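Here's the structure, in structure tokens; my notes come after.
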Amino acid sequence: MAKQKLSGAEIVVEELKTEGAEVAFGIPGGVLLDLYDVLYKEEAIRHILMRHEQCAAHAADGYARVSGKAGVCIATSGPGATNLVTGLANANMDSSPVVALTGQVPTSVIGTNAFQEASTFTITMPITKHNFLVKRTEDLPKIIHNAFYIANTGRKGVVLVDLPTDILAGVAEVDLHPKETFAGYKPNIKPNQVQIKRVVEILANAERPLILAGGGVISADAAAELCHLADFLGAPVVTTLMGKGAIPENHPFCLGMAGMHGQLYANRAINECDALLALGTRFSDRTTGWQLDQFAPDATIIHVDIDTAEINKNIQVDIPIVGDVKLALSGILKLLEKKRAKKSGSEWEKRIKKMHLACDSCVEDISREGASVSDILIKEISRILDDDAIVTTEVGQCQMFAAHYYMTRKPRTFISSGGLGTMGFGFPAAIGAKVAAPDKKVVDIAGDGSFLMTCQDLATCVENDIPVVVCILDNRYLGMVRQWQELFYEKKYAHTGLGITPDFVKLAEAFGCYGERVEKPEDLKDALNNAFESGKPAVLDMIVGKEDKVLPMIPPGGGITGMIGTERCKRI
């Protein structure tokens, strides 16, 4: 292709189009005016003006998780870039592919504390997979291409490109759409076949095999292979929070989420298994508990992950496999089928099915006498929404209520902040999810504390016709912190009460949204229907008990065998 003479801003936009970017979430600033002038004339890329840069990053993250494509966010220099930090750290910890474009002061004054200067490159180095500070306009084609390539390959993550204003304004003759990548960046995706054979022998001979599915299963689009393996082995599947949706939660071998706020039976299966196949998970403390000797103590542990750095980082494993989860599962299934090692009908399988039914009973038997209003409301949302609906969550009690009682049946339909635990994530992530899947219903299950952190972007929803529905569990507390204070700090509720403001219905209406208060669980169905039928962004203020607790849970410092609050669970 013949070289073209283009400005830096034109190069950036051309490369965004080539990489398949159709949407960008951002806020302009002085150093980005050249870029925004080109975007203004570009019809192929939809720009959504957010009301806070953190929300831009979360929206790009939500878009990426639902679409499977890299999300794009844009912020100006200085405070614009630093406001992105929380959202980028969140996306990177959860292995979500996001490309962030930040403005920067001219190269000639970098380091002089110029107006709205921040060292974005050094600030974001620890919270991104990779980042660039562009120093020559002619380097832009390769840098933008590599930003998307790095974000989307290997363990997916965040790549930031810092764009000095003189680089965007500068003109250079360039070859657009380069294909070359960094010579030193070669992520391994092909699993070692010797290790695959070892895994097959372990699984074929195990009496009590168990699969732990993490977010890597969803990222690798390996849900079908996971279900096939579970059926073939007669093996139960437990998930991490990020793996929720990797297997339909009504599948007879699914025992739900494991870990600190996991299902009793999921943790019990981990404790009893003799072979644990962990897929695309980093064994975080929220999955394993703090006492690691209680985690799968009698099991041969197999760990499949695309990131070498995660192997033996938190849990010492017996058989590591570095590579793509989908390829690894395909290889394991192929050899198991060749060995005719189908194991259905075992005593372990029968026990697991009983545990699944008991777990279902605990959820289905929720009554107003035996559970909190929060439990009932989330279960009702689960009944009302169809299998294709997308649920995002804020962080805290609302998140764990959703993890327990919202039954997810498809991958990429449950979007939550895992590693960073970011309050305020769910609502802007819902915006990105709705933009990625405009024909699907999108609901954010929120806490009042979390929603107040990012609620200003209701304006974004109204101005851009993005009709998401926010369902607030309104207890007027920072609920999870209050729960810990109740259980472990003698009910000393130090600075966790939120007071009586605001009136969330009036807040919604002030932005031009639909608002309704739900004071009784039986009113939720009509309220949700009203919200969807309004065609507007909507806020449902769901009044719940001030001291509702999400249980069971592992207490601080405990292990997975020491869950508290399991009285309602049927013992098997």
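Starting from 1 in every chain, residues are counted up; chains themselves are A, B, ... following the order of the structure tokens, and ligands are numbered from 1 as listed.
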
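When the distance limit is 7 Å and only C-alpha atoms are what count, the residues near A:Leu133, minus those fewer than 4 positions from it on the same chain, are Phe121, Val161, Asp162 and Leu163 of chain A.
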
Dump as a PDB file, in the first residue's frame, selection limited to N, CA and C atoms:
ATOM      1  N   PHE A 121       2.075   7.669  31.745  1.00  0.00           N
ATOM      2  CA  PHE A 121       2.833   6.456  31.421  1.00  0.00           C
ATOM      3  C   PHE A 121       3.287   5.742  32.694  1.00  0.00           C
ATOM      4  N   VAL A 161      -2.465   4.094  25.471  1.00  0.00           N
ATOM      5  CA  VAL A 161      -1.634   4.852  24.529  1.00  0.00           C
ATOM      6  C   VAL A 161      -1.736   6.326  24.908  1.00  0.00           C
ATOM      7  N   ASP A 162      -0.610   6.906  25.337  1.00  0.00           N
ATOM      8  CA  ASP A 162      -0.559   8.315  25.742  1.00  0.00           C
ATOM      9  C   ASP A 162      -0.154   9.147  24.540  1.00  0.00           C
ATOM     10  N   LEU A 163      -0.997  10.128  24.187  1.00  0.00           N
ATOM     11  CA  LEU A 163      -0.863  10.855  22.921  1.00  0.00           C
ATOM     12  C   LEU A 163      -0.578  12.336  23.161  1.00  0.00           C
TER      13      LEU A 163
END

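Residues in contact with A:Asn267 at up to 6 Å, not including ones fewer than 3 positions away on its chain and judged by only C-alpha atoms, are A:Ala258, A:Leu264, A:Ile270, A:Ile560.
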
Could you take the residues named above and write them with C-alpha atoms, as a JSON list (two decimals), in the first residue's frame?
[["chain", "number", "residue", "atom", "x", "y", "z"],
["A", 258, "ALA", "CA", -17.28, -21.27, 45.45],
["A", 264, "LEU", "CA", -21.91, -24.33, 50.92],
["A", 270, "ILE", "CA", -13.74, -28.70, 46.76],
["A", 560, "ILE", "CA", -13.55, -22.90, 53.06]]

Selected residue of minimal separation from A:Leu32 among A:Thr128, A:Gln116, A:Gln104, A:Ser382, counting only C-alpha atoms
A:Gln104

Using only C-alpha atoms, can you tell me which of A:Ala358, A:Ile302, A:Ala436, A:Ile143 comes closest to A:Ala266?
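Nearest to A:Ala266: A:Ala358.
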
Check the smallest atom-to-atom distance from each of A:Glu14, A:Glu463, A:Asp448, A:Glu249 to A:Val395 using only C-alpha atoms, then report the winner.
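Residue with the minimum atom-to-atom distance to A:Val395: A:Asp448.
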
Can you work out which one of A:Arg198, A:Ala246, A:Glu117, A:Gln291 has the shortest atom-to-atom distance to A:Ala223, counting only C-alpha atoms?
A:Ala246

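Closest approach to A:Asp293 among A:Gln316, A:Pro521, A:Gly447, A:Lys244: A:Gln316, based on only C-alpha atoms.
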
Per residue of stretch 92-174 of chain A within 10 Å of stretch 76-83 of chain A, what are the shortest atom pair and its distance in Å to one decimal, counting only C-alpha atoms, with rows by chain and residue number, as JSON lines?
{"residue": "A:Ala100", "atom": "CA", "partner": "A:Ala81", "partner_atom": "CA", "distance": 9.2}
{"residue": "A:Leu101", "atom": "CA", "partner": "A:Thr76", "partner_atom": "CA", "distance": 8.4}
{"residue": "A:Thr102", "atom": "CA", "partner": "A:Thr76", "partner_atom": "CA", "distance": 5.4}
{"residue": "A:Gly103", "atom": "CA", "partner": "A:Thr76", "partner_atom": "CA", "distance": 4.5}
{"residue": "A:Gln104", "atom": "CA", "partner": "A:Ser77", "partner_atom": "CA", "distance": 4.7}
{"residue": "A:Val105", "atom": "CA", "partner": "A:Ser77", "partner_atom": "CA", "distance": 6.8}
{"residue": "A:Asn113", "atom": "CA", "partner": "A:Gly78", "partner_atom": "CA", "distance": 10.0}
{"residue": "A:Ala114", "atom": "CA", "partner": "A:Gly78", "partner_atom": "CA", "distance": 9.6}
{"residue": "A:Phe115", "atom": "CA", "partner": "A:Gly78", "partner_atom": "CA", "distance": 8.1}
{"residue": "A:Gln116", "atom": "CA", "partner": "A:Gly78", "partner_atom": "CA", "distance": 4.4}
{"residue": "A:Glu117", "atom": "CA", "partner": "A:Gly78", "partner_atom": "CA", "distance": 4.7}
{"residue": "A:Ala118", "atom": "CA", "partner": "A:Gly78", "partner_atom": "CA", "distance": 4.5}
{"residue": "A:Ser119", "atom": "CA", "partner": "A:Gly78", "partner_atom": "CA", "distance": 7.8}
{"residue": "A:Thr120", "atom": "CA", "partner": "A:Ala81", "partner_atom": "CA", "distance": 6.6}
{"residue": "A:Phe121", "atom": "CA", "partner": "A:Ala81", "partner_atom": "CA", "distance": 9.9}
{"residue": "A:Ile123", "atom": "CA", "partner": "A:Thr82", "partner_atom": "CA", "distance": 8.0}
{"residue": "A:Thr124", "atom": "CA", "partner": "A:Thr82", "partner_atom": "CA", "distance": 8.6}
{"residue": "A:Asp162", "atom": "CA", "partner": "A:Ser77", "partner_atom": "CA", "distance": 8.6}
{"residue": "A:Leu163", "atom": "CA", "partner": "A:Ser77", "partner_atom": "CA", "distance": 8.8}
{"residue": "A:Pro164", "atom": "CA", "partner": "A:Ser77", "partner_atom": "CA", "distance": 8.7}
{"residue": "A:Thr165", "atom": "CA", "partner": "A:Ser77", "partner_atom": "CA", "distance": 9.4}

Using DSSP assignments from the backbone, pull out every residue in stretch 101-155 of chain A that falls under strand (DSSP E or B) and give it to me as a list in words.
Leu101, Thr102, Gly103, Gln104, His130, Asn131, Phe132 and Leu133 of chain A

Using only C-alpha atoms, please write the residues we just selected to a file, as a PDB file, in the first residue's frame.
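Done, and the output landed in out-v3.pdb:
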ATOM      1  CA  LEU A 101      -6.322   6.660  24.610  1.00  0.00           C
ATOM      2  CA  THR A 102      -5.149   9.572  26.753  1.00  0.00           C
ATOM      3  CA  GLY A 103      -4.142  13.067  25.759  1.00  0.00           C
ATOM      4  CA  GLN A 104      -0.813  14.472  26.874  1.00  0.00           C
ATOM      5  CA  HIS A 130       1.238  -2.624  28.505  1.00  0.00           C
ATOM      6  CA  ASN A 131       1.360   1.093  27.792  1.00  0.00           C
ATOM      7  CA  PHE A 132       2.914   3.482  25.280  1.00  0.00           C
ATOM      8  CA  LEU A 133       4.041   7.092  25.312  1.00  0.00           C
TER       9      LEU A 133
END

Near-stretch 400-403 of chain A list (9 Å; only C-alpha atoms; drop same-chain fewer than 3 positions) as JSON, numbers by chain
{"A": [241, 244, 256, 257, 261, 262, 374, 375, 378, 379, 382, 391, 393, 395, 396, 397, 406, 407, 408, 414, 445, 550, 551]}

If you run DSSP on the backbone, which residues of stretch 96-298 of chain A are alpha helix (DSSP H), as a count of residues only?
65

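Using only C-alpha atoms, the shortest contact distance between A:Gly345 and any of A:Glu207, A:Cys73, A:Ile48, A:Phe148 is found at A:Glu207.
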